[in-house]
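The block underneath contains the structure these notes are about, expressed in structure tokens.
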Amino acid sequence: MRFRTKVLAPVARRLASALAVMTGAAAIAFAALQLVPGDPVQILLGQNNTASPEVRAQIRARFGLDESVPLQFLHYLDHLVHGDLGQSYQLQQPVSGLISAQLRPTAQLMAGAMTVAVVLAVSSALLTAGRRPVLRAAAGFCELVAVSAPSYWVGIVLLTVFSFQLHVFPVAGDQDFASLVLPSITLGLPIAGLLAQVLREAMEAALGQPFVLTARARGVGQTGVRLKHALRHAAIPLVTLTGWLAGSLLGGAVLVENIFGRPGIGALTLQAATNKDMPVVIALVLVSALFFVLISTVVDLLYLLIDPRLRTG
Amino acid sequence: MSTVASPGRPSARLRPLRAPRAPQRPGMLLATLALVVIALVALAPGLFTSQSPTGVRITDVLQPPGTAHWFGTDQLGRDVFARVLYGARPSVLVGLGSTAIALAGGTVMGLAAALGGRWGDWAVMRFADVVLALPPLLLALLAVVILGTGELNLMFAVAIAFIPGYARIVRAEALVVVRSGYVEAAVGLGLRRSVLIVRHVLPNALGPLLVLGTVGIGMAMLSASSLSFLGLGVQPPVPEWGALLSGGRDFFQSAWWLGVFPGVAVTVCVITMNVVGRYGQERFTKRSTR
């Protein structure tokens, strides 16, 4: 009984709001499909095709374009629920197949970027939180640059230095681990900057807490206090932020995959946007929304389990 | 013995009370200076260079940086320094324009949420949730596909992702104002809704909006230059910084200066807006907590 009201109710609430956001995203996607300039049949046929009215009517019927708009939306939702994301105008293939074929390189890139971001942010915060002002100012400046520099430009600079001049890493492609290094750094750097800023602030707040003094009094060393006590305390906002930023990775992947000539979801997105292949663009927007909603819901639910104070909310 | 403080009057205890301001902020000074320079360059790029940003000179193709061309020349022999300077205006304008659009949209939506009753609030806030769930760059790509490329369309495309943030602030400020005693009294005396918005709600929301908007200009410039770099924003004849980088792409391997300098310009602008915005944020939260 207690379990049901304390845990199940908030869990149900989070799931319901996640579902509401996804329905909203689908509605925006559908509206966007309606807003594309031009006749969808003409887009399907190609610009120069002059098909007879009978053929056009057939296409209209096949894609359900002859139904009323609300009915089309319901059909659209039904297709989405069954994993059918529609048909690419340009490539004449199911969008879901196109996306799943590109998942692996992008997933690798995102994992690499998150690793870079977390390692850089945690080490920067551990080394500089509560230290001398000069050190903190230097780290603060680096973080500011990391957050402010456009990621496509960071990629270009890294390519220029490490690929064109030093020939350490390959210029393009995704054959091996070496080709993953520069893209991961490029995608992870702005996230590292943001995480480091937040983490250091949280660490400094934690280092001023009485429990740190207690730990020091018990004989725990300066490094031990930072690693075992302050970092654990400061990691809570980090988890929220990491979840939130993971959603934005897909946007960054568009740029990074473009600069480094990698295949993946981002490259697919750009190709679709450039060719005005609306079903693909829409599907990718929906997939990224789903990705974001999943991560933030899981993070929220994790908090419910970790932090009992939130269960009454 | 004059250097030793007399007992009972410890000068050390008085010091923090006397100097609560933090004028030792070289970052803020630099940022202000940078802001002035950026504004001047954007308004009158001709003051800083005698070179033309479009002057094609086949004899000077892909020259490295030197005394004749500070930032080198591009594949058509155009002076990169001049192109970066002349690129300031479109780049800054797109950042300012999309922030203005986002602020206007956010204000309207925030007011609709705060004053539109339960359903208005629900609709606006759920819409904000959905938009916030989408990566800003993807949202902008989607908008560009619908609207097409070009400067004005780019501004709208970039602005959409920023609207929910501003809407939430306006809503929060508006709710505080509407529930305050003096406004309830004024409404009781027959205050019209339009007067309530103009005289009470907007002035209160202005401070936090402007502070967030300052940081927002930098972020909008990042987003807009990214789209231009991808070929979906400002189109090549205009020397916008992202478009400049995009135009030099095939030559980065041999001519590093084409890839470096326009990006430095974007980075300096965004850093400047971030520093100024954060300073404003600090000042603002200090004032409102006192």
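Convention: chains lettered A, B, ... in structure tokens order; per-chain residue numbering from 1; ligands numbered from 1 as shown.
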Name the residues of region 41-191 of chain A that come out as alpha helix (DSSP H) in a backbone DSSP run; write them as an mmCIF file with N, CA and C atoms, in the first residue's frame.
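Written output follows (result_34.cif):
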```cif
data_model
loop_
_atom_site.group_PDB
_atom_site.id
_atom_site.type_symbol
_atom_site.label_atom_id
_atom_site.label_comp_id
_atom_site.auth_asym_id
_atom_site.auth_seq_id
_atom_site.Cartn_x
_atom_site.Cartn_y
_atom_site.Cartn_z
ATOM 1 N N VAL A 41 2.739 14.482 -53.808
ATOM 2 C CA VAL A 41 2.760 13.530 -54.920
ATOM 3 C C VAL A 41 3.846 13.918 -55.918
ATOM 4 N N GLN A 42 3.942 15.238 -56.188
ATOM 5 C CA GLN A 42 4.969 15.711 -57.118
ATOM 6 C C GLN A 42 6.364 15.427 -56.552
ATOM 7 N N ILE A 43 6.511 15.606 -55.199
ATOM 8 C CA ILE A 43 7.809 15.337 -54.577
ATOM 9 C C ILE A 43 8.147 13.859 -54.710
ATOM 10 N N LEU A 44 7.129 13.004 -54.514
ATOM 11 C CA LEU A 44 7.346 11.562 -54.630
ATOM 12 C C LEU A 44 7.752 11.188 -56.049
ATOM 13 N N LEU A 45 7.128 11.846 -57.031
ATOM 14 C CA LEU A 45 7.388 11.504 -58.420
ATOM 15 C C LEU A 45 8.705 12.080 -58.911
ATOM 16 N N PRO A 53 -3.164 11.815 -64.356
ATOM 17 C CA PRO A 53 -3.992 11.984 -63.146
ATOM 18 C C PRO A 53 -4.338 10.657 -62.472
ATOM 19 N N GLU A 54 -4.489 9.572 -63.282
ATOM 20 C CA GLU A 54 -4.841 8.281 -62.696
ATOM 21 C C GLU A 54 -3.705 7.787 -61.792
ATOM 22 N N VAL A 55 -2.472 7.900 -62.293
ATOM 23 C CA VAL A 55 -1.316 7.459 -61.511
ATOM 24 C C VAL A 55 -1.222 8.281 -60.225
ATOM 25 N N ARG A 56 -1.455 9.599 -60.362
ATOM 26 C CA ARG A 56 -1.402 10.471 -59.192
ATOM 27 C C ARG A 56 -2.432 10.045 -58.147
ATOM 28 N N ALA A 57 -3.631 9.727 -58.617
ATOM 29 C CA ALA A 57 -4.686 9.301 -57.701
ATOM 30 C C ALA A 57 -4.299 8.007 -56.993
ATOM 31 N N GLN A 58 -3.640 7.124 -57.750
ATOM 32 C CA GLN A 58 -3.192 5.860 -57.154
ATOM 33 C C GLN A 58 -2.192 6.120 -56.026
ATOM 34 N N ILE A 59 -1.230 6.997 -56.312
ATOM 35 C CA ILE A 59 -0.223 7.321 -55.298
ATOM 36 C C ILE A 59 -0.894 7.944 -54.074
ATOM 37 N N ARG A 60 -1.843 8.856 -54.356
ATOM 38 C CA ARG A 60 -2.576 9.510 -53.287
ATOM 39 C C ARG A 60 -3.239 8.469 -52.368
ATOM 40 N N ALA A 61 -3.862 7.483 -52.999
ATOM 41 C CA ALA A 61 -4.564 6.460 -52.229
ATOM 42 C C ALA A 61 -3.568 5.578 -51.471
ATOM 43 N N ARG A 62 -2.468 5.261 -52.116
ATOM 44 C CA ARG A 62 -1.501 4.356 -51.500
ATOM 45 C C ARG A 62 -0.881 4.975 -50.243
ATOM 46 N N VAL A 69 -7.532 15.323 -42.931
ATOM 47 C CA VAL A 69 -6.311 15.540 -42.158
ATOM 48 C C VAL A 69 -6.341 14.871 -40.770
ATOM 49 N N PRO A 70 -7.448 15.016 -40.015
ATOM 50 C CA PRO A 70 -7.444 14.334 -38.705
ATOM 51 C C PRO A 70 -7.296 12.817 -38.839
ATOM 52 N N LEU A 71 -7.937 12.254 -39.866
ATOM 53 C CA LEU A 71 -7.830 10.808 -40.075
ATOM 54 C C LEU A 71 -6.399 10.427 -40.435
ATOM 55 N N GLN A 72 -5.787 11.270 -41.271
ATOM 56 C CA GLN A 72 -4.386 11.028 -41.631
ATOM 57 C C GLN A 72 -3.508 11.014 -40.385
ATOM 58 N N PHE A 73 -3.802 11.933 -39.450
ATOM 59 C CA PHE A 73 -2.998 12.011 -38.227
ATOM 60 C C PHE A 73 -3.142 10.734 -37.405
ATOM 61 N N LEU A 74 -4.397 10.234 -37.299
ATOM 62 C CA LEU A 74 -4.619 8.998 -36.539
ATOM 63 C C LEU A 74 -3.875 7.829 -37.183
ATOM 64 N N HIS A 75 -3.939 7.760 -38.515
ATOM 65 C CA HIS A 75 -3.195 6.721 -39.216
ATOM 66 C C HIS A 75 -1.705 6.845 -38.946
ATOM 67 N N TYR A 76 -1.259 8.119 -38.968
ATOM 68 C CA TYR A 76 0.154 8.401 -38.750
ATOM 69 C C TYR A 76 0.591 7.895 -37.370
ATOM 70 N N LEU A 77 -0.225 8.213 -36.348
ATOM 71 C CA LEU A 77 0.072 7.756 -34.984
ATOM 72 C C LEU A 77 0.116 6.241 -34.926
ATOM 73 N N ASP A 78 -0.863 5.611 -35.591
ATOM 74 C CA ASP A 78 -0.940 4.151 -35.597
ATOM 75 C C ASP A 78 0.331 3.555 -36.194
ATOM 76 N N HIS A 79 0.781 4.157 -37.310
ATOM 77 C CA HIS A 79 2.020 3.683 -37.939
ATOM 78 C C HIS A 79 3.206 3.844 -36.993
ATOM 79 N N LEU A 80 3.253 5.006 -36.328
ATOM 80 C CA LEU A 80 4.381 5.277 -35.433
ATOM 81 C C LEU A 80 4.456 4.244 -34.326
ATOM 82 N N VAL A 81 3.282 3.960 -33.736
ATOM 83 C CA VAL A 81 3.248 3.005 -32.632
ATOM 84 C C VAL A 81 3.777 1.649 -33.080
ATOM 85 N N VAL A 95 11.872 4.504 -43.723
ATOM 86 C CA VAL A 95 12.774 5.350 -42.941
ATOM 87 C C VAL A 95 13.390 4.578 -41.784
ATOM 88 N N SER A 96 12.586 3.686 -41.174
ATOM 89 C CA SER A 96 13.111 2.960 -40.008
ATOM 90 C C SER A 96 14.342 2.140 -40.383
ATOM 91 N N GLY A 97 14.323 1.555 -41.601
ATOM 92 C CA GLY A 97 15.482 0.797 -42.063
ATOM 93 C C GLY A 97 16.691 1.695 -42.265
ATOM 94 N N LEU A 98 16.459 2.876 -42.849
ATOM 95 C CA LEU A 98 17.547 3.828 -43.075
ATOM 96 C C LEU A 98 18.199 4.209 -41.761
ATOM 97 N N ILE A 99 17.352 4.466 -40.750
ATOM 98 C CA ILE A 99 17.887 4.912 -39.465
ATOM 99 C C ILE A 99 18.658 3.799 -38.772
ATOM 100 N N SER A 100 18.057 2.588 -38.747
ATOM 101 C CA SER A 100 18.729 1.528 -37.994
ATOM 102 C C SER A 100 20.047 1.134 -38.648
ATOM 103 N N ALA A 101 20.161 1.351 -39.980
ATOM 104 C CA ALA A 101 21.420 1.031 -40.645
ATOM 105 C C ALA A 101 22.533 1.990 -40.230
ATOM 106 N N LEU A 103 22.729 3.462 -37.145
ATOM 107 C CA LEU A 103 22.795 3.627 -35.684
ATOM 108 C C LEU A 103 24.193 3.376 -35.121
ATOM 109 N N ARG A 104 24.861 2.328 -35.606
ATOM 110 C CA ARG A 104 26.117 1.918 -34.968
ATOM 111 C C ARG A 104 27.173 3.024 -34.932
ATOM 112 N N PRO A 105 27.550 3.636 -36.096
ATOM 113 C CA PRO A 105 28.600 4.659 -36.015
ATOM 114 C C PRO A 105 28.226 5.820 -35.109
ATOM 115 N N THR A 106 26.937 6.223 -35.126
ATOM 116 C CA THR A 106 26.538 7.347 -34.290
ATOM 117 C C THR A 106 26.560 6.967 -32.814
ATOM 118 N N ALA A 107 26.117 5.738 -32.501
ATOM 119 C CA ALA A 107 26.153 5.305 -31.104
ATOM 120 C C ALA A 107 27.592 5.278 -30.595
ATOM 121 N N GLN A 108 28.519 4.814 -31.429
ATOM 122 C CA GLN A 108 29.928 4.806 -31.039
ATOM 123 C C GLN A 108 30.423 6.226 -30.790
ATOM 124 N N LEU A 109 30.057 7.126 -31.701
ATOM 125 C CA LEU A 109 30.487 8.517 -31.574
ATOM 126 C C LEU A 109 29.953 9.133 -30.288
ATOM 127 N N MET A 110 28.664 8.881 -29.990
ATOM 128 C CA MET A 110 28.065 9.464 -28.803
ATOM 129 C C MET A 110 28.694 8.889 -27.536
ATOM 130 N N ALA A 111 28.938 7.582 -27.542
ATOM 131 C CA ALA A 111 29.573 6.976 -26.380
ATOM 132 C C ALA A 111 30.966 7.577 -26.177
ATOM 133 N N GLY A 112 31.709 7.723 -27.282
ATOM 134 C CA GLY A 112 33.032 8.326 -27.205
ATOM 135 C C GLY A 112 32.971 9.741 -26.664
ATOM 136 N N ALA A 113 31.999 10.524 -27.173
ATOM 137 C CA ALA A 113 31.882 11.916 -26.754
ATOM 138 C C ALA A 113 31.528 12.018 -25.268
ATOM 139 N N MET A 114 30.600 11.157 -24.801
ATOM 140 C CA MET A 114 30.214 11.209 -23.390
ATOM 141 C C MET A 114 31.400 10.827 -22.517
ATOM 142 N N THR A 115 32.188 9.842 -22.965
ATOM 143 C CA THR A 115 33.370 9.447 -22.198
ATOM 144 C C THR A 115 34.339 10.622 -22.089
ATOM 145 N N VAL A 116 34.642 11.238 -23.229
ATOM 146 C CA VAL A 116 35.539 12.396 -23.235
ATOM 147 C C VAL A 116 35.010 13.469 -22.282
ATOM 148 N N ALA A 117 33.701 13.766 -22.398
ATOM 149 C CA ALA A 117 33.120 14.846 -21.620
ATOM 150 C C ALA A 117 33.221 14.569 -20.126
ATOM 151 N N VAL A 118 32.828 13.357 -19.706
ATOM 152 C CA VAL A 118 32.803 13.052 -18.279
ATOM 153 C C VAL A 118 34.225 12.983 -17.712
ATOM 154 N N VAL A 119 35.132 12.337 -18.440
ATOM 155 C CA VAL A 119 36.520 12.229 -17.949
ATOM 156 C C VAL A 119 37.141 13.612 -17.801
ATOM 157 N N LEU A 120 36.994 14.449 -18.835
ATOM 158 C CA LEU A 120 37.575 15.794 -18.782
ATOM 159 C C LEU A 120 36.955 16.611 -17.657
ATOM 160 N N ALA A 121 35.615 16.567 -17.547
ATOM 161 C CA ALA A 121 34.931 17.393 -16.562
ATOM 162 C C ALA A 121 35.297 16.962 -15.148
ATOM 163 N N VAL A 122 35.279 15.653 -14.895
ATOM 164 C CA VAL A 122 35.561 15.169 -13.542
ATOM 165 C C VAL A 122 37.009 15.462 -13.165
ATOM 166 N N SER A 123 37.940 15.239 -14.108
ATOM 167 C CA SER A 123 39.335 15.488 -13.728
ATOM 168 C C SER A 123 39.583 16.983 -13.537
ATOM 169 N N SER A 124 38.967 17.814 -14.377
ATOM 170 C CA SER A 124 39.149 19.257 -14.209
ATOM 171 C C SER A 124 38.592 19.719 -12.860
ATOM 172 N N ALA A 125 37.407 19.228 -12.502
ATOM 173 C CA ALA A 125 36.800 19.641 -11.235
ATOM 174 C C ALA A 125 37.591 19.102 -10.044
ATOM 175 N N LEU A 126 38.034 17.845 -10.139
ATOM 176 C CA LEU A 126 38.797 17.254 -9.030
ATOM 177 C C LEU A 126 40.100 18.016 -8.799
ATOM 178 N N LEU A 127 40.751 18.401 -9.884
ATOM 179 C CA LEU A 127 42.070 19.031 -9.766
ATOM 180 C C LEU A 127 41.983 20.493 -9.348
ATOM 181 N N THR A 128 40.904 21.183 -9.736
ATOM 182 C CA THR A 128 40.916 22.629 -9.528
ATOM 183 C C THR A 128 39.929 23.135 -8.484
ATOM 184 N N PRO A 133 43.370 30.521 -6.804
ATOM 185 C CA PRO A 133 42.558 31.279 -7.768
ATOM 186 C C PRO A 133 43.131 31.251 -9.185
ATOM 187 N N VAL A 134 44.467 31.262 -9.315
ATOM 188 C CA VAL A 134 45.069 31.273 -10.654
ATOM 189 C C VAL A 134 44.670 30.012 -11.419
ATOM 190 N N LEU A 135 44.749 28.878 -10.711
ATOM 191 C CA LEU A 135 44.428 27.597 -11.313
ATOM 192 C C LEU A 135 42.963 27.552 -11.726
ATOM 193 N N ARG A 136 42.101 28.045 -10.826
ATOM 194 C CA ARG A 136 40.667 28.023 -11.102
ATOM 195 C C ARG A 136 40.333 28.935 -12.269
ATOM 196 N N ALA A 137 40.988 30.098 -12.307
ATOM 197 C CA ALA A 137 40.727 31.036 -13.399
ATOM 198 C C ALA A 137 41.144 30.422 -14.730
ATOM 199 N N ALA A 138 42.301 29.739 -14.719
ATOM 200 C CA ALA A 138 42.780 29.119 -15.961
ATOM 201 C C ALA A 138 41.797 28.054 -16.423
ATOM 202 N N ALA A 139 41.359 27.187 -15.486
ATOM 203 C CA ALA A 139 40.400 26.144 -15.855
ATOM 204 C C ALA A 139 39.088 26.766 -16.309
ATOM 205 N N GLY A 140 38.678 27.838 -15.608
ATOM 206 C CA GLY A 140 37.436 28.515 -15.968
ATOM 207 C C GLY A 140 37.495 29.067 -17.387
ATOM 208 N N PHE A 141 38.655 29.613 -17.736
ATOM 209 C CA PHE A 141 38.803 30.171 -19.084
ATOM 210 C C PHE A 141 38.727 29.059 -20.132
ATOM 211 N N CYS A 142 39.430 27.943 -19.861
ATOM 212 C CA CYS A 142 39.376 26.815 -20.801
ATOM 213 C C CYS A 142 37.940 26.340 -21.002
ATOM 214 N N GLU A 143 37.199 26.266 -19.899
ATOM 215 C CA GLU A 143 35.806 25.812 -19.997
ATOM 216 C C GLU A 143 34.967 26.791 -20.801
ATOM 217 N N LEU A 144 35.227 28.082 -20.596
ATOM 218 C CA LEU A 144 34.479 29.104 -21.326
ATOM 219 C C LEU A 144 34.726 28.963 -22.827
ATOM 220 N N VAL A 145 35.983 28.746 -23.186
ATOM 221 C CA VAL A 145 36.313 28.571 -24.604
ATOM 222 C C VAL A 145 35.645 27.302 -25.139
ATOM 223 N N ALA A 146 35.694 26.224 -24.342
ATOM 224 C CA ALA A 146 35.103 24.958 -24.787
ATOM 225 C C ALA A 146 33.603 25.109 -25.027
ATOM 226 N N VAL A 147 32.945 25.893 -24.165
ATOM 227 C CA VAL A 147 31.501 26.061 -24.304
ATOM 228 C C VAL A 147 31.179 26.982 -25.475
ATOM 229 N N SER A 148 32.045 27.984 -25.710
ATOM 230 C CA SER A 148 31.715 29.027 -26.681
ATOM 231 C C SER A 148 32.158 28.716 -28.105
ATOM 232 N N SER A 151 31.357 23.882 -32.517
ATOM 233 C CA SER A 151 31.974 22.552 -32.565
ATOM 234 C C SER A 151 32.504 22.234 -33.962
ATOM 235 N N TYR A 152 31.840 22.783 -35.013
ATOM 236 C CA TYR A 152 32.360 22.495 -36.350
ATOM 237 C C TYR A 152 33.760 23.095 -36.498
ATOM 238 N N TRP A 153 33.976 24.258 -35.845
ATOM 239 C CA TRP A 153 35.290 24.896 -35.951
ATOM 240 C C TRP A 153 36.339 24.126 -35.147
ATOM 241 N N VAL A 154 35.967 23.656 -33.961
ATOM 242 C CA VAL A 154 36.890 22.837 -33.166
ATOM 243 C C VAL A 154 37.325 21.628 -33.988
ATOM 244 N N GLY A 155 36.358 21.030 -34.683
ATOM 245 C CA GLY A 155 36.680 19.888 -35.537
ATOM 246 C C GLY A 155 37.674 20.254 -36.622
ATOM 247 N N ILE A 156 37.458 21.413 -37.255
ATOM 248 C CA ILE A 156 38.363 21.856 -38.320
ATOM 249 C C ILE A 156 39.769 22.073 -37.769
ATOM 250 N N VAL A 157 39.848 22.712 -36.583
ATOM 251 C CA VAL A 157 41.167 22.990 -35.994
ATOM 252 C C VAL A 157 41.869 21.677 -35.637
ATOM 253 N N LEU A 158 41.130 20.743 -35.036
ATOM 254 C CA LEU A 158 41.728 19.446 -34.685
ATOM 255 C C LEU A 158 42.223 18.720 -35.933
ATOM 256 N N ALA A 178 41.134 4.753 -34.152
ATOM 257 C CA ALA A 178 41.831 6.029 -34.376
ATOM 258 C C ALA A 178 40.920 7.048 -35.041
ATOM 259 N N SER A 179 40.012 6.561 -35.905
ATOM 260 C CA SER A 179 39.138 7.497 -36.599
ATOM 261 C C SER A 179 38.012 8.011 -35.689
ATOM 262 N N LEU A 180 37.906 7.426 -34.503
ATOM 263 C CA LEU A 180 36.851 7.848 -33.576
ATOM 264 C C LEU A 180 37.341 8.928 -32.610
ATOM 265 N N VAL A 181 38.670 9.079 -32.491
ATOM 266 C CA VAL A 181 39.232 9.939 -31.443
ATOM 267 C C VAL A 181 38.862 11.411 -31.643
ATOM 268 N N LEU A 182 39.223 11.967 -32.802
ATOM 269 C CA LEU A 182 38.974 13.390 -33.031
ATOM 270 C C LEU A 182 37.482 13.736 -33.020
ATOM 271 N N PRO A 183 36.628 12.943 -33.701
ATOM 272 C CA PRO A 183 35.195 13.255 -33.631
ATOM 273 C C PRO A 183 34.653 13.238 -32.198
ATOM 274 N N SER A 184 35.113 12.270 -31.387
ATOM 275 C CA SER A 184 34.624 12.194 -30.008
ATOM 276 C C SER A 184 35.039 13.422 -29.216
ATOM 277 N N ILE A 185 36.291 13.854 -29.401
ATOM 278 C CA ILE A 185 36.752 15.048 -28.691
ATOM 279 C C ILE A 185 35.932 16.263 -29.134
ATOM 280 N N THR A 186 35.730 16.382 -30.449
ATOM 281 C CA THR A 186 34.982 17.520 -30.972
ATOM 282 C C THR A 186 33.575 17.579 -30.385
ATOM 283 N N LEU A 187 32.909 16.443 -30.365
ATOM 284 C CA LEU A 187 31.529 16.407 -29.887
ATOM 285 C C LEU A 187 31.482 16.527 -28.361
ATOM 286 N N GLY A 188 32.516 16.010 -27.674
ATOM 287 C CA GLY A 188 32.481 15.986 -26.215
ATOM 288 C C GLY A 188 32.949 17.263 -25.557
ATOM 289 N N LEU A 189 33.769 18.054 -26.269
ATOM 290 C CA LEU A 189 34.402 19.217 -25.642
ATOM 291 C C LEU A 189 33.410 20.249 -25.076
ATOM 292 N N PRO A 190 32.412 20.691 -25.850
ATOM 293 C CA PRO A 190 31.485 21.673 -25.276
ATOM 294 C C PRO A 190 30.735 21.106 -24.078
ATOM 295 N N ILE A 191 30.408 19.821 -24.122
ATOM 296 C CA ILE A 191 29.703 19.207 -23.001
ATOM 297 C C ILE A 191 30.628 19.145 -21.787
#
```
With a cut-off of 6 Å and counting only C-alpha atoms, select all residues of chain B in contact with chain A and give the selection as a VMD selection string.
-> chain B and resid 130 133 to 135 137 to 138 145 to 146 222 253 263 267 270 to 271
